[in-house]
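Printed here is target_4.cif (mmCIF, C-alpha atoms):
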data_run
loop_
_atom_site.group_PDB
_atom_site.id
_atom_site.type_symbol
_atom_site.label_atom_id
_atom_site.label_comp_id
_atom_site.auth_asym_id
_atom_site.auth_seq_id
_atom_site.Cartn_x
_atom_site.Cartn_y
_atom_site.Cartn_z
ATOM 1 C CA MET O 210 90.921 30.209 41.302
ATOM 2 C CA THR O 211 88.275 27.480 41.681
ATOM 3 C CA ILE O 212 84.983 28.619 43.157
ATOM 4 C CA ARG O 213 83.164 25.978 45.193
ATOM 5 C CA PHE O 214 79.493 26.375 46.068
ATOM 6 C CA LYS O 215 77.917 24.797 49.126
ATOM 7 C CA PRO O 216 75.470 21.982 48.242
ATOM 8 C CA ALA O 217 72.398 24.036 49.156
ATOM 9 C CA LEU O 218 73.558 26.988 47.048
ATOM 10 C CA ARG O 219 74.435 24.705 44.136
ATOM 11 C CA ALA O 220 70.929 23.178 44.237
ATOM 12 C CA ALA O 221 69.363 26.638 44.375
ATOM 13 C CA LEU O 222 71.342 27.745 41.334
ATOM 14 C CA LEU O 223 70.224 24.679 39.401
ATOM 15 C CA ILE O 224 66.583 25.323 40.275
ATOM 16 C CA ALA O 225 66.934 28.956 39.265
ATOM 17 C CA ALA O 226 68.521 28.009 35.961
ATOM 18 C CA THR O 227 65.698 25.604 35.194
ATOM 19 C CA ALA O 228 63.056 28.158 36.153
ATOM 20 C CA CYS O 229 64.622 30.674 33.790
ATOM 21 C CA GLY O 230 64.339 28.204 30.940
ATOM 22 C CA LEU O 231 68.051 27.401 30.720
ATOM 23 C CA PRO O 232 68.720 23.939 29.233
ATOM 24 C CA ALA O 233 69.776 22.032 32.366
ATOM 25 C CA HIS O 234 71.648 18.978 31.029
ATOM 26 C CA ALA O 235 69.872 19.202 27.638
ATOM 27 C CA ASP O 236 72.456 20.776 25.321
ATOM 28 C CA ASP O 237 74.845 17.840 25.559
ATOM 29 C CA TYR O 238 72.158 15.192 25.997
ATOM 30 C CA PRO O 239 72.615 12.389 25.256
ATOM 31 C CA ALA O 240 76.322 12.149 25.997
ATOM 32 C CA LYS O 241 76.306 8.340 26.194
ATOM 33 C CA PRO O 242 74.091 5.436 25.069
ATOM 34 C CA VAL O 243 70.493 5.402 26.289
ATOM 35 C CA ARG O 244 68.860 2.227 27.576
ATOM 36 C CA VAL O 245 65.284 1.653 26.380
ATOM 37 C CA ILE O 246 63.483 -0.991 28.435
ATOM 38 C CA VAL O 247 60.740 -2.939 26.659
ATOM 39 C CA PRO O 248 58.778 -4.923 29.280
ATOM 40 C CA PHE O 249 57.719 -7.633 26.816
ATOM 41 C CA PRO O 250 59.580 -10.207 24.686
ATOM 42 C CA PRO O 251 61.045 -9.500 21.228
ATOM 43 C CA GLY O 252 58.399 -9.513 18.524
ATOM 44 C CA ALA O 253 55.624 -8.027 20.664
ATOM 45 C CA GLY O 254 53.876 -4.979 19.246
ATOM 46 C CA VAL O 255 55.566 -2.605 21.672
ATOM 47 C CA ASP O 256 58.942 -4.151 20.803
ATOM 48 C CA ILE O 257 58.447 -3.711 17.045
ATOM 49 C CA VAL O 258 57.449 -0.050 17.310
ATOM 50 C CA THR O 259 60.110 0.757 19.912
ATOM 51 C CA ARG O 260 62.932 -0.707 17.816
ATOM 52 C CA LEU O 261 61.775 1.328 14.840
ATOM 53 C CA VAL O 262 61.805 4.559 16.874
ATOM 54 C CA ALA O 263 65.038 3.737 18.749
ATOM 55 C CA ALA O 264 66.944 3.337 15.480
ATOM 56 C CA LYS O 265 65.754 6.751 14.323
ATOM 57 C CA LEU O 266 66.570 8.398 17.677
ATOM 58 C CA THR O 267 70.085 6.980 17.384
ATOM 59 C CA THR O 268 70.465 8.722 14.028
ATOM 60 C CA GLU O 269 68.900 12.000 15.153
ATOM 61 C CA LEU O 270 70.704 12.358 18.508
ATOM 62 C CA GLY O 271 74.063 10.744 17.747
ATOM 63 C CA GLN O 272 74.038 8.192 20.575
ATOM 64 C CA THR O 273 72.826 4.604 20.512
ATOM 65 C CA PHE O 274 69.385 3.920 21.943
ATOM 66 C CA ILE O 275 69.762 0.307 23.084
ATOM 67 C CA VAL O 276 66.552 -1.716 23.351
ATOM 68 C CA GLU O 277 66.570 -4.206 26.238
ATOM 69 C CA ASN O 278 63.715 -6.688 26.695
ATOM 70 C CA ARG O 279 62.824 -7.208 30.362
ATOM 71 C CA SER O 280 59.651 -9.291 30.236
ATOM 72 C CA GLY O 281 57.698 -10.903 33.043
ATOM 73 C CA ALA O 282 54.585 -10.476 35.208
ATOM 74 C CA GLY O 283 52.570 -8.842 32.453
ATOM 75 C CA GLY O 284 55.165 -6.129 31.898
ATOM 76 C CA ASN O 285 55.575 -5.282 35.579
ATOM 77 C CA VAL O 286 59.158 -6.575 35.843
ATOM 78 C CA GLY O 287 60.521 -4.218 33.202
ATOM 79 C CA ALA O 288 58.418 -1.281 34.385
ATOM 80 C CA GLY O 289 59.621 -1.794 37.955
ATOM 81 C CA GLU O 290 63.235 -1.823 36.813
ATOM 82 C CA ALA O 291 62.731 1.414 34.904
ATOM 83 C CA ALA O 292 61.040 3.058 37.897
ATOM 84 C CA ARG O 293 64.116 2.339 40.048
ATOM 85 C CA ALA O 294 66.561 3.787 37.493
ATOM 86 C CA ALA O 295 68.321 7.121 37.951
ATOM 87 C CA PRO O 296 66.194 10.018 36.629
ATOM 88 C CA ASP O 297 68.884 11.269 34.269
ATOM 89 C CA GLY O 298 67.396 10.514 30.855
ATOM 90 C CA TYR O 299 69.577 7.470 30.244
ATOM 91 C CA THR O 300 66.872 4.920 31.076
ATOM 92 C CA VAL O 301 63.625 5.087 29.127
ATOM 93 C CA LEU O 302 60.615 2.792 29.411
ATOM 94 C CA ALA O 303 58.585 1.816 26.356
ATOM 95 C CA ALA O 304 55.254 1.364 28.113
ATOM 96 C CA PRO O 305 52.341 -0.455 26.456
ATOM 97 C CA SER O 306 48.722 0.173 27.393
ATOM 98 C CA SER O 307 48.779 -2.788 29.785
ATOM 99 C CA ILE O 308 50.675 -0.564 32.219
ATOM 100 C CA ALA O 309 47.441 1.399 32.745
ATOM 101 C CA ILE O 310 45.467 -1.768 33.446
ATOM 102 C CA SER O 311 48.058 -3.070 35.911
ATOM 103 C CA GLN O 312 47.477 -0.115 38.247
ATOM 104 C CA SER O 313 44.099 -1.505 39.329
ATOM 105 C CA LEU O 314 44.504 -5.154 38.362
ATOM 106 C CA TYR O 315 47.354 -5.957 40.760
ATOM 107 C CA THR O 316 47.179 -5.299 44.494
ATOM 108 C CA LYS O 317 50.976 -5.285 44.858
ATOM 109 C CA LEU O 318 53.134 -3.426 42.338
ATOM 110 C CA PRO O 319 56.742 -2.209 42.515
ATOM 111 C CA PHE O 320 55.695 1.091 40.923
ATOM 112 C CA LYS O 321 52.855 3.556 40.451
ATOM 113 C CA VAL O 322 52.701 5.183 37.033
ATOM 114 C CA GLU O 323 51.522 8.609 38.183
ATOM 115 C CA LYS O 324 54.092 8.791 41.002
ATOM 116 C CA ASP O 325 57.111 7.066 39.485
ATOM 117 C CA PHE O 326 57.034 8.087 35.797
ATOM 118 C CA ARG O 327 56.744 11.060 33.460
ATOM 119 C CA SER O 328 55.486 10.617 29.931
ATOM 120 C CA VAL O 329 57.794 11.650 27.101
ATOM 121 C CA ALA O 330 55.802 10.873 23.965
ATOM 122 C CA LEU O 331 52.941 8.803 22.604
ATOM 123 C CA LEU O 332 54.592 6.658 19.935
ATOM 124 C CA ALA O 333 51.600 4.983 18.336
ATOM 125 C CA THR O 334 48.091 3.659 18.779
ATOM 126 C CA VAL O 335 46.604 0.459 17.349
ATOM 127 C CA PRO O 336 42.834 -0.104 17.401
ATOM 128 C CA PHE O 337 41.122 -3.393 18.005
ATOM 129 C CA ILE O 338 38.750 -4.933 15.485
ATOM 130 C CA LEU O 339 35.564 -6.637 16.630
ATOM 131 C CA VAL O 340 35.494 -9.937 14.758
ATOM 132 C CA VAL O 341 33.112 -12.886 14.877
ATOM 133 C CA ASN O 342 33.192 -16.397 13.529
ATOM 134 C CA PRO O 343 31.301 -16.432 10.188
ATOM 135 C CA LYS O 344 28.760 -18.858 11.690
ATOM 136 C CA VAL O 345 27.585 -16.178 14.139
ATOM 137 C CA GLN O 346 24.292 -14.743 12.873
ATOM 138 C CA ALA O 347 25.382 -11.102 12.996
ATOM 139 C CA LYS O 348 26.712 -8.934 10.203
ATOM 140 C CA SER O 349 26.748 -5.678 12.170
ATOM 141 C CA VAL O 350 27.314 -4.496 15.726
ATOM 142 C CA ALA O 351 23.582 -3.818 16.107
ATOM 143 C CA GLU O 352 22.754 -7.382 15.052
ATOM 144 C CA LEU O 353 25.359 -8.765 17.473
ATOM 145 C CA ILE O 354 23.868 -6.779 20.355
ATOM 146 C CA ALA O 355 20.365 -7.984 19.447
ATOM 147 C CA LEU O 356 21.601 -11.588 19.319
ATOM 148 C CA ALA O 357 23.280 -11.238 22.728
ATOM 149 C CA LYS O 358 20.135 -9.765 24.250
ATOM 150 C CA ALA O 359 18.052 -12.590 22.823
ATOM 151 C CA LYS O 360 20.450 -15.188 24.276
ATOM 152 C CA PRO O 361 21.912 -13.713 27.503
ATOM 153 C CA ASP O 362 25.258 -15.164 28.531
ATOM 154 C CA ALA O 363 25.306 -17.509 25.527
ATOM 155 C CA LEU O 364 27.791 -15.693 23.292
ATOM 156 C CA THR O 365 31.443 -16.274 24.145
ATOM 157 C CA TYR O 366 34.401 -13.988 23.595
ATOM 158 C CA ALA O 367 38.084 -14.851 23.498
ATOM 159 C CA SER O 368 40.871 -12.791 25.047
ATOM 160 C CA THR O 369 44.627 -13.030 25.383
ATOM 161 C CA GLY O 370 44.342 -13.620 29.127
ATOM 162 C CA ASN O 371 42.720 -12.444 32.346
ATOM 163 C CA GLY O 372 43.145 -8.704 32.705
ATOM 164 C CA SER O 373 44.246 -8.244 29.092
ATOM 165 C CA SER O 374 43.226 -5.308 26.915
ATOM 166 C CA PRO O 375 40.946 -7.495 24.749
ATOM 167 C CA GLN O 376 39.086 -8.624 27.883
ATOM 168 C CA LEU O 377 38.616 -5.084 29.177
ATOM 169 C CA THR O 378 37.480 -3.937 25.746
ATOM 170 C CA ALA O 379 34.887 -6.722 25.552
ATOM 171 C CA GLU O 380 33.660 -6.011 29.079
ATOM 172 C CA MET O 381 33.333 -2.317 28.245
ATOM 173 C CA PHE O 382 31.308 -3.268 25.153
ATOM 174 C CA ALA O 383 29.037 -5.493 27.253
ATOM 175 C CA MET O 384 28.464 -2.779 29.858
ATOM 176 C CA ASP O 385 27.857 -0.047 27.283
ATOM 177 C CA SER O 386 25.438 -2.251 25.319
ATOM 178 C CA GLY O 387 23.591 -3.800 28.262
ATOM 179 C CA ILE O 388 24.449 -7.376 27.294
ATOM 180 C CA LYS O 389 26.062 -10.389 28.976
ATOM 181 C CA LEU O 390 28.954 -12.278 27.404
ATOM 182 C CA ARG O 391 31.007 -15.268 28.604
ATOM 183 C CA HIS O 392 34.754 -14.817 28.812
ATOM 184 C CA VAL O 393 37.148 -17.487 27.523
ATOM 185 C CA PRO O 394 40.755 -16.469 28.317
ATOM 186 C CA TYR O 395 43.727 -17.818 26.342
ATOM 187 C CA ARG O 396 47.484 -17.597 26.768
ATOM 188 C CA GLY O 397 48.170 -15.238 23.907
ATOM 189 C CA SER O 398 46.571 -14.352 20.597
ATOM 190 C CA ALA O 399 47.572 -17.449 18.580
ATOM 191 C CA PRO O 400 45.453 -20.025 20.475
ATOM 192 C CA ALA O 401 42.614 -17.523 20.791
ATOM 193 C CA MET O 402 42.563 -16.951 17.035
ATOM 194 C CA THR O 403 42.694 -20.704 16.356
ATOM 195 C CA ASP O 404 39.594 -21.402 18.437
ATOM 196 C CA LEU O 405 37.804 -18.336 17.092
ATOM 197 C CA MET O 406 38.313 -19.472 13.491
ATOM 198 C CA SER O 407 37.203 -23.004 14.356
ATOM 199 C CA GLY O 408 34.025 -21.722 16.012
ATOM 200 C CA LEU O 409 34.818 -22.837 19.559
ATOM 201 C CA VAL O 410 34.335 -19.197 20.610
ATOM 202 C CA ASP O 411 32.095 -16.635 18.949
ATOM 203 C CA MET O 412 33.865 -13.291 18.985
ATOM 204 C CA MET O 413 36.915 -11.291 19.973
ATOM 205 C CA PHE O 414 38.289 -7.774 20.073
ATOM 206 C CA ALA O 415 41.569 -8.526 18.320
ATOM 207 C CA ASN O 416 44.604 -6.437 17.497
ATOM 208 C CA ALA O 417 44.253 -5.157 13.931
ATOM 209 C CA LEU O 418 47.648 -6.505 12.919
ATOM 210 C CA SER O 419 46.932 -10.053 14.084
ATOM 211 C CA VAL O 420 43.422 -10.353 12.673
ATOM 212 C CA LEU O 421 43.312 -8.556 9.311
ATOM 213 C CA PRO O 422 44.778 -11.469 7.282
ATOM 214 C CA GLN O 423 42.003 -13.766 8.530
ATOM 215 C CA VAL O 424 39.384 -11.119 7.765
ATOM 216 C CA ARG O 425 40.712 -10.674 4.232
ATOM 217 C CA THR O 426 40.501 -14.418 3.561
ATOM 218 C CA GLY O 427 36.973 -14.723 4.970
ATOM 219 C CA GLN O 428 37.962 -16.884 7.940
ATOM 220 C CA LEU O 429 36.578 -14.207 10.263
ATOM 221 C CA ARG O 430 33.983 -11.471 9.835
ATOM 222 C CA ALA O 431 34.906 -7.939 10.930
ATOM 223 C CA LEU O 432 32.090 -5.815 12.322
ATOM 224 C CA ALA O 433 33.808 -2.596 13.462
ATOM 225 C CA THR O 434 36.993 -0.926 14.617
ATOM 226 C CA THR O 435 37.433 0.498 18.107
ATOM 227 C CA SER O 436 39.167 3.753 17.125
ATOM 228 C CA ALA O 437 37.356 7.029 17.751
ATOM 229 C CA GLN O 438 37.569 8.036 14.092
ATOM 230 C CA ALA O 439 37.608 5.882 10.967
ATOM 231 C CA ASP O 440 40.926 4.059 10.800
ATOM 232 C CA PRO O 441 42.865 4.883 7.590
ATOM 233 C CA ASN O 442 44.304 1.358 7.699
ATOM 234 C CA THR O 443 40.791 -0.153 7.512
ATOM 235 C CA PRO O 444 38.641 2.501 5.785
ATOM 236 C CA GLU O 445 36.005 -0.093 4.881
ATOM 237 C CA LEU O 446 35.128 -0.626 8.553
ATOM 238 C CA ALA O 447 32.811 1.575 10.596
ATOM 239 C CA THR O 448 33.820 2.527 14.116
ATOM 240 C CA MET O 449 31.997 1.226 17.172
ATOM 241 C CA GLN O 450 30.647 4.736 17.698
ATOM 242 C CA GLN O 451 29.330 4.892 14.134
ATOM 243 C CA SER O 452 27.782 1.475 14.775
ATOM 244 C CA GLY O 453 25.679 2.842 17.630
ATOM 245 C CA VAL O 454 27.846 2.350 20.739
ATOM 246 C CA ALA O 455 28.145 5.955 21.918
ATOM 247 C CA GLY O 456 31.559 7.149 23.110
ATOM 248 C CA PHE O 457 33.206 3.748 22.605
ATOM 249 C CA GLU O 458 36.969 3.861 22.062
ATOM 250 C CA SER O 459 39.687 1.359 22.906
ATOM 251 C CA ASN O 460 43.221 1.180 21.576
ATOM 252 C CA THR O 461 46.498 -0.478 22.274
ATOM 253 C CA TRP O 462 49.082 2.279 22.738
ATOM 254 C CA PHE O 463 52.801 2.662 23.305
ATOM 255 C CA VAL O 464 54.245 5.527 25.368
ATOM 256 C CA LEU O 465 57.858 6.438 26.098
ATOM 257 C CA MET O 466 58.278 7.212 29.808
ATOM 258 C CA VAL O 467 61.167 8.229 32.053
ATOM 259 C CA PRO O 468 61.603 8.001 35.835
ATOM 260 C CA ALA O 469 60.007 10.846 37.779
ATOM 261 C CA GLY O 470 62.522 13.588 38.469
ATOM 262 C CA THR O 471 64.115 13.494 35.024
ATOM 263 C CA PRO O 472 64.990 17.110 34.066
ATOM 264 C CA GLU O 473 62.262 18.810 32.072
ATOM 265 C CA PRO O 474 64.619 20.009 29.307
ATOM 266 C CA ILE O 475 65.637 16.400 28.608
ATOM 267 C CA ILE O 476 62.005 15.296 28.489
ATOM 268 C CA ASN O 477 61.187 18.116 26.079
ATOM 269 C CA LYS O 478 64.184 17.354 23.867
ATOM 270 C CA LEU O 479 63.175 13.706 23.609
ATOM 271 C CA ASN O 480 59.561 14.666 22.917
ATOM 272 C CA GLN O 481 60.517 17.031 20.109
ATOM 273 C CA THR O 482 62.871 14.500 18.553
ATOM 274 C CA VAL O 483 60.284 11.720 18.700
ATOM 275 C CA ALA O 484 57.735 14.060 17.082
ATOM 276 C CA LYS O 485 60.164 14.622 14.210
ATOM 277 C CA VAL O 486 60.861 10.900 13.854
ATOM 278 C CA MET O 487 57.178 9.966 13.750
ATOM 279 C CA GLN O 488 56.690 12.211 10.707
ATOM 280 C CA LEU O 489 59.369 10.503 8.622
ATOM 281 C CA PRO O 490 57.789 8.846 5.539
ATOM 282 C CA ASP O 491 59.438 5.467 6.119
ATOM 283 C CA VAL O 492 58.303 5.439 9.746
ATOM 284 C CA GLN O 493 54.756 6.306 8.720
ATOM 285 C CA LYS O 494 54.767 3.527 6.122
ATOM 286 C CA THR O 495 56.106 0.931 8.560
ATOM 287 C CA LEU O 496 53.521 1.869 11.187
ATOM 288 C CA GLN O 497 50.739 1.577 8.622
ATOM 289 C CA LEU O 498 51.907 -1.930 7.730
ATOM 290 C CA GLN O 499 51.674 -2.741 11.454
ATOM 291 C CA GLY O 500 48.111 -1.412 11.567
ATOM 292 C CA ALA O 501 49.277 1.472 13.768
ATOM 293 C CA SER O 502 48.932 5.253 13.651
ATOM 294 C CA ALA O 503 51.646 7.643 14.822
ATOM 295 C CA GLY O 504 50.991 9.372 18.136
ATOM 296 C CA HIS O 505 51.437 13.023 19.033
ATOM 297 C CA GLY O 506 51.217 15.454 21.931
ATOM 298 C CA THR O 507 53.304 17.271 24.501
ATOM 299 C CA PRO O 508 54.557 15.429 27.600
ATOM 300 C CA ALA O 509 51.788 17.031 29.676
ATOM 301 C CA GLU O 510 49.141 15.992 27.147
ATOM 302 C CA VAL O 511 50.434 12.412 27.114
ATOM 303 C CA ASP O 512 50.495 12.350 30.936
ATOM 304 C CA ALA O 513 46.840 13.394 30.899
ATOM 305 C CA TYR O 514 46.022 10.746 28.278
ATOM 306 C CA VAL O 515 47.657 7.998 30.363
ATOM 307 C CA LYS O 516 45.788 9.214 33.476
ATOM 308 C CA ARG O 517 42.467 8.937 31.626
ATOM 309 C CA GLU O 518 43.384 5.426 30.483
ATOM 310 C CA ILE O 519 44.277 4.409 34.062
ATOM 311 C CA ASP O 520 40.952 5.727 35.354
ATOM 312 C CA LYS O 521 38.964 4.073 32.543
ATOM 313 C CA SER O 522 40.681 0.725 33.118
ATOM 314 C CA ALA O 523 40.089 0.931 36.875
ATOM 315 C CA ALA O 524 36.364 1.481 36.352
ATOM 316 C CA ILE O 525 36.097 -1.553 34.057
ATOM 317 C CA VAL O 526 38.196 -3.778 36.334
ATOM 318 C CA LYS O 527 35.981 -2.883 39.287
ATOM 319 C CA ALA O 528 32.660 -3.199 37.471
ATOM 320 C CA ALA O 529 33.595 -6.542 35.872
ATOM 321 C CA ASN O 530 35.246 -7.833 39.075
ATOM 322 C CA ILE O 531 38.478 -8.690 37.263
ATOM 323 C CA HIS O 532 41.431 -9.630 39.454
ATOM 324 C CA ILE O 533 44.784 -11.387 39.204
ATOM 325 C CA ASP O 534 46.166 -11.380 42.749
#
Represent the structure contained in this file as structure tokens.
Amino acid sequence: MTIRFKPALRAALLIAATACGLPAHADDYPAKPVRVIVPFPPGAGVDIVTRLVAAKLTTELGQTFIVENRSGAGGNVGAGEAARAAPDGYTVLAAPSSIAISQSLYTKLPFKVEKDFRSVALLATVPFILVVNPKVQAKSVAELIALAKAKPDALTYASTGNGSSPQLTAEMFAMDSGIKLRHVPYRGSAPAMTDLMSGLVDMMFANALSVLPQVRTGQLRALATTSAQADPNTPELATMQQSGVAGFESNTWFVLMVPAGTPEPIINKLNQTVAKVMQLPDVQKTLQLQGASAGHGTPAEVDAYVKREIDKSAAIVKAANIHID
């Protein structure tokens, strides 16, 4: 005999099962391929790290994790598509740190991170490096601050565009140090680095991966890293905090997220599997070559981390009067 439950009773039983810790939809998850949306083009930092992790998740969980690039509008197109997906664990967003900035930078968005997403895992963080053209008369952060105070609004800094992480990092540095800098936005890191090396701009907070080769060859001078602790990938560099800028920290980060409403057991299973993957020696080595450090934390801890990043970005955007639309 087949027993049929009324919809309300069936929903109540599901809630009760979840409350009792039973693995709602987790034992057989994933039962089909999982789509991983990367909201930037192939070759971007978030794309490189996500493809590395997706390949390992495929091996660990026995189903293909398919990376799909959905770029556009500073990552908002792909994030919006992920937010509209069914909350069943079969659509995952690989969110870069720009998703935190977008919450206050854009007046109209097809999603809100805190309402439409749940964090699964922090994949990796990549610090910025404060670099200057060798002609700039500063060999330390303290000397750079003194130079900026002596010549207000004379020093220029490059960024990868209005509202980009390098711009917010530079504005945070200016506010924390009590100095004024002039912003010169570029369309991406390549033209910004070209003008920085030629001396058309003075300084930049650049992604470690993109700038270390130029530092090693003496084309640029590195003053400090923006990580909270000394970066094992650049042990020769002091942090901004060690250089006298109290509490200063700024990183690019990559977080796996799922649509709000995704069952908790699925989120936890993904989190635990990602944690295992990030400890694999070959993954650790590849991340180090990318200038990145493996992330960690429970879903709740990563949610809290993202919330702090959203709030920090909003304060900088407001104070520096940065806007896109």
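Among the candidate residues O:Thr471, O:Ser502, O:Ser368, O:Thr461, the one lying nearest to Ala439 in chain O is O:Ser502, with distances computed using only C-alpha atoms.
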Quiz item: So which one's closest to Asn285 in chain O, O:Pro441, O:Pro319, O:Gly500, O:Gly298? Using all atoms listed in the file, please.
Solution: O:Pro319
Self-check item: From O:Glu277, O:Glu352, O:Asp236, O:Glu458, residue lying nearest Lys521 in chain O [only C-alpha atoms]
Solution: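 Residue with the minimum atom-to-atom distance to Lys521 in chain O: O:Glu458.
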Quiz item: Smallest atom-to-atom distance to Asn477 in chain O: which of O:Pro508, O:Pro444, O:Pro422, O:Gly456, using all atoms listed in the file?
Solution: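 Of O:Pro508, O:Pro444, O:Pro422, O:Gly456, the one nearest Asn477 in chain O, counting all atoms listed in the file, is O:Pro508.
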Within 10 Å of (31.0, -17.9, 7.5), only C-alpha atoms: residues as a short mmCIF file (atom, residue, chain, number, x, y, z; two decimals) with C-alpha atoms, keeping the file's coordinate frame?
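Output file selection.cif is given in full below:
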data_model
loop_
_atom_site.label_atom_id
_atom_site.label_comp_id
_atom_site.auth_asym_id
_atom_site.auth_seq_id
_atom_site.Cartn_x
_atom_site.Cartn_y
_atom_site.Cartn_z
CA VAL O 341 33.11 -12.89 14.88
CA ASN O 342 33.19 -16.40 13.53
CA PRO O 343 31.30 -16.43 10.19
CA LYS O 344 28.76 -18.86 11.69
CA VAL O 345 27.58 -16.18 14.14
CA GLN O 346 24.29 -14.74 12.87
CA MET O 406 38.31 -19.47 13.49
CA GLY O 408 34.02 -21.72 16.01
CA GLY O 427 36.97 -14.72 4.97
CA GLN O 428 37.96 -16.88 7.94
CA LEU O 429 36.58 -14.21 10.26
CA ARG O 430 33.98 -11.47 9.84
#
Counting all atoms listed in the file, find residues at most 7 Å from (48.4, -7.0, 31.0) (file frame) and give them as a JSON list (two decimals) with C-alpha atoms, in the coordinates of the input.
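Output contents, as saved in point-v8.json:
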[["chain", "number", "residue", "atom", "x", "y", "z"],
["O", 283, "GLY", "CA", 52.57, -8.84, 32.45],
["O", 284, "GLY", "CA", 55.16, -6.13, 31.90],
["O", 307, "SER", "CA", 48.78, -2.79, 29.78],
["O", 308, "ILE", "CA", 50.68, -0.56, 32.22],
["O", 310, "ILE", "CA", 45.47, -1.77, 33.45],
["O", 311, "SER", "CA", 48.06, -3.07, 35.91],
["O", 372, "GLY", "CA", 43.14, -8.70, 32.70],
["O", 373, "SER", "CA", 44.25, -8.24, 29.09],
["O", 374, "SER", "CA", 43.23, -5.31, 26.92]]
Do you know which residues the PyMOL selection byres ((chain O and resi 305) around 8) returns on this file, as a tab-separated table (two decimals) with C-alpha atoms, in the coordinates of the input?
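The resulting file, part_22.tsv, is reproduced below:
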chain	number	residue	atom	x	y	z
O	255	VAL	CA	55.57	-2.60	21.67
O	303	ALA	CA	58.58	1.82	26.36
O	304	ALA	CA	55.25	1.36	28.11
O	306	SER	CA	48.72	0.17	27.39
O	307	SER	CA	48.78	-2.79	29.78
O	308	ILE	CA	50.68	-0.56	32.22
O	461	THR	CA	46.50	-0.48	22.27
O	462	TRP	CA	49.08	2.28	22.74
O	463	PHE	CA	52.80	2.66	23.30
O	464	VAL	CA	54.24	5.53	25.37
Practice problem: List, as a PyMOL selection string, every residue that the PyMOL selection byres ((chain O and resi 481-487) around 10) selects in the file provided. | Solution: chain O and resi 261-266+268-270+329-333+465+475-480+488-493+496+502-508
Self-check item: Contacts of Gly370 in chain O at 10 Å (all atoms listed in the file; same-chain gap of 3+ positions) as a list of chain:residue names
Solution: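 Returned residues: O:Ala367, O:Ser373, O:Ser374, O:Pro375, O:Gln376, O:His392, O:Val393, O:Pro394, O:Tyr395, O:Arg396, O:Gly397, O:Ser398, O:Ala401.
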Practice problem: Can you give me, as a list in words, the residues this file yields under the PyMOL selection byres ((chain O and resi 469) around 10)? | Solution: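 In the shown coordinates, the PyMOL selection byres ((chain O and resi 469) around 10) covers Ala292, Arg293, Ala294, Ala295, Pro296, Asp297, Val322, Glu323, Lys324, Asp325, Phe326, Arg327, Ser328, Met466, Val467, Pro468, Gly470, Thr471 and Pro472 of chain O.
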Could you save those same residues with C-alpha atoms as a PDB file, keeping the file's coordinate frame?
ATOM      1  CA  ALA O 292      61.040   3.058  37.897  1.00  0.00           C
ATOM      2  CA  ARG O 293      64.116   2.339  40.048  1.00  0.00           C
ATOM      3  CA  ALA O 294      66.561   3.787  37.493  1.00  0.00           C
ATOM      4  CA  ALA O 295      68.321   7.121  37.951  1.00  0.00           C
ATOM      5  CA  PRO O 296      66.194  10.018  36.629  1.00  0.00           C
ATOM      6  CA  ASP O 297      68.884  11.269  34.269  1.00  0.00           C
ATOM      7  CA  VAL O 322      52.701   5.183  37.033  1.00  0.00           C
ATOM      8  CA  GLU O 323      51.522   8.609  38.183  1.00  0.00           C
ATOM      9  CA  LYS O 324      54.092   8.791  41.002  1.00  0.00           C
ATOM     10  CA  ASP O 325      57.111   7.066  39.485  1.00  0.00           C
ATOM     11  CA  PHE O 326      57.034   8.087  35.797  1.00  0.00           C
ATOM     12  CA  ARG O 327      56.744  11.060  33.460  1.00  0.00           C
ATOM     13  CA  SER O 328      55.486  10.617  29.931  1.00  0.00           C
ATOM     14  CA  MET O 466      58.278   7.212  29.808  1.00  0.00           C
ATOM     15  CA  VAL O 467      61.167   8.229  32.053  1.00  0.00           C
ATOM     16  CA  PRO O 468      61.603   8.001  35.835  1.00  0.00           C
ATOM     17  CA  GLY O 470      62.522  13.588  38.469  1.00  0.00           C
ATOM     18  CA  THR O 471      64.115  13.494  35.024  1.00  0.00           C
ATOM     19  CA  PRO O 472      64.990  17.110  34.066  1.00  0.00           C
TER      20      PRO O 472
END
Practice problem: Kindly indicate which residue among O:Thr369, O:Ala291, O:Thr495, O:Asp256 lies nearest to Asp404 in chain O, using all atoms listed in the file for the distances. | Solution: O:Thr369
Enclose the full set of atoms of range 347-351 of chain O listed in the file within a box whose edges lie along x, y and z, apply 4 Å of padding to each of the six sides, and report centre and edge lengths in Å to one decimal as JSON.
{"center_x": 25.4, "center_y": -7.5, "center_z": 13.2, "size_x": 11.7, "size_y": 15.3, "size_z": 13.9}
Quiz item: Could you state the separation of CA of Ala528 in chain O and CA of Phe457 in chain O in Å, given to one decimal place?
Solution: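 Separation between CA of Ala528 in chain O and CA of Phe457 in chain O: 16.4 Å.
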Exercise. Write out as an MDAnalysis selection string which residues come within 10 Å of Ser313 in chain O when counting all atoms listed in the file, dropping same-chain ones fewer than 3 positions away.
Key: chainID O and resid 308:310 316:318 372 519:520 522:527 531:533
Practice problem: Quote the spacing between CA of Arg260 in chain O and CA of Ile246 in chain O in Å to one decimal place. | Solution: 10.6 Å
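Using all atoms listed in the file, the smallest distance between any of O:Leu353, O:Leu405, O:Asp385, O:Leu390 and Thr365 in chain O comes from O:Leu390.
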Quiz item: In Å to one decimal, how far is CA of Lys358 in chain O from CA of Val340 in chain O?
Solution: 18.1 Å
Quiz item: If we count all atoms listed in the file, what is near Arg425 in chain O at a cut-off of 12 Å, once residues fewer than 6 positions away on the same chain are taken out, given as a list in words?
Solution: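 Residues meeting the cut-off are Val340, Ala417, Leu418, Ser419, Ala431, Thr443 and Glu445 of chain O.
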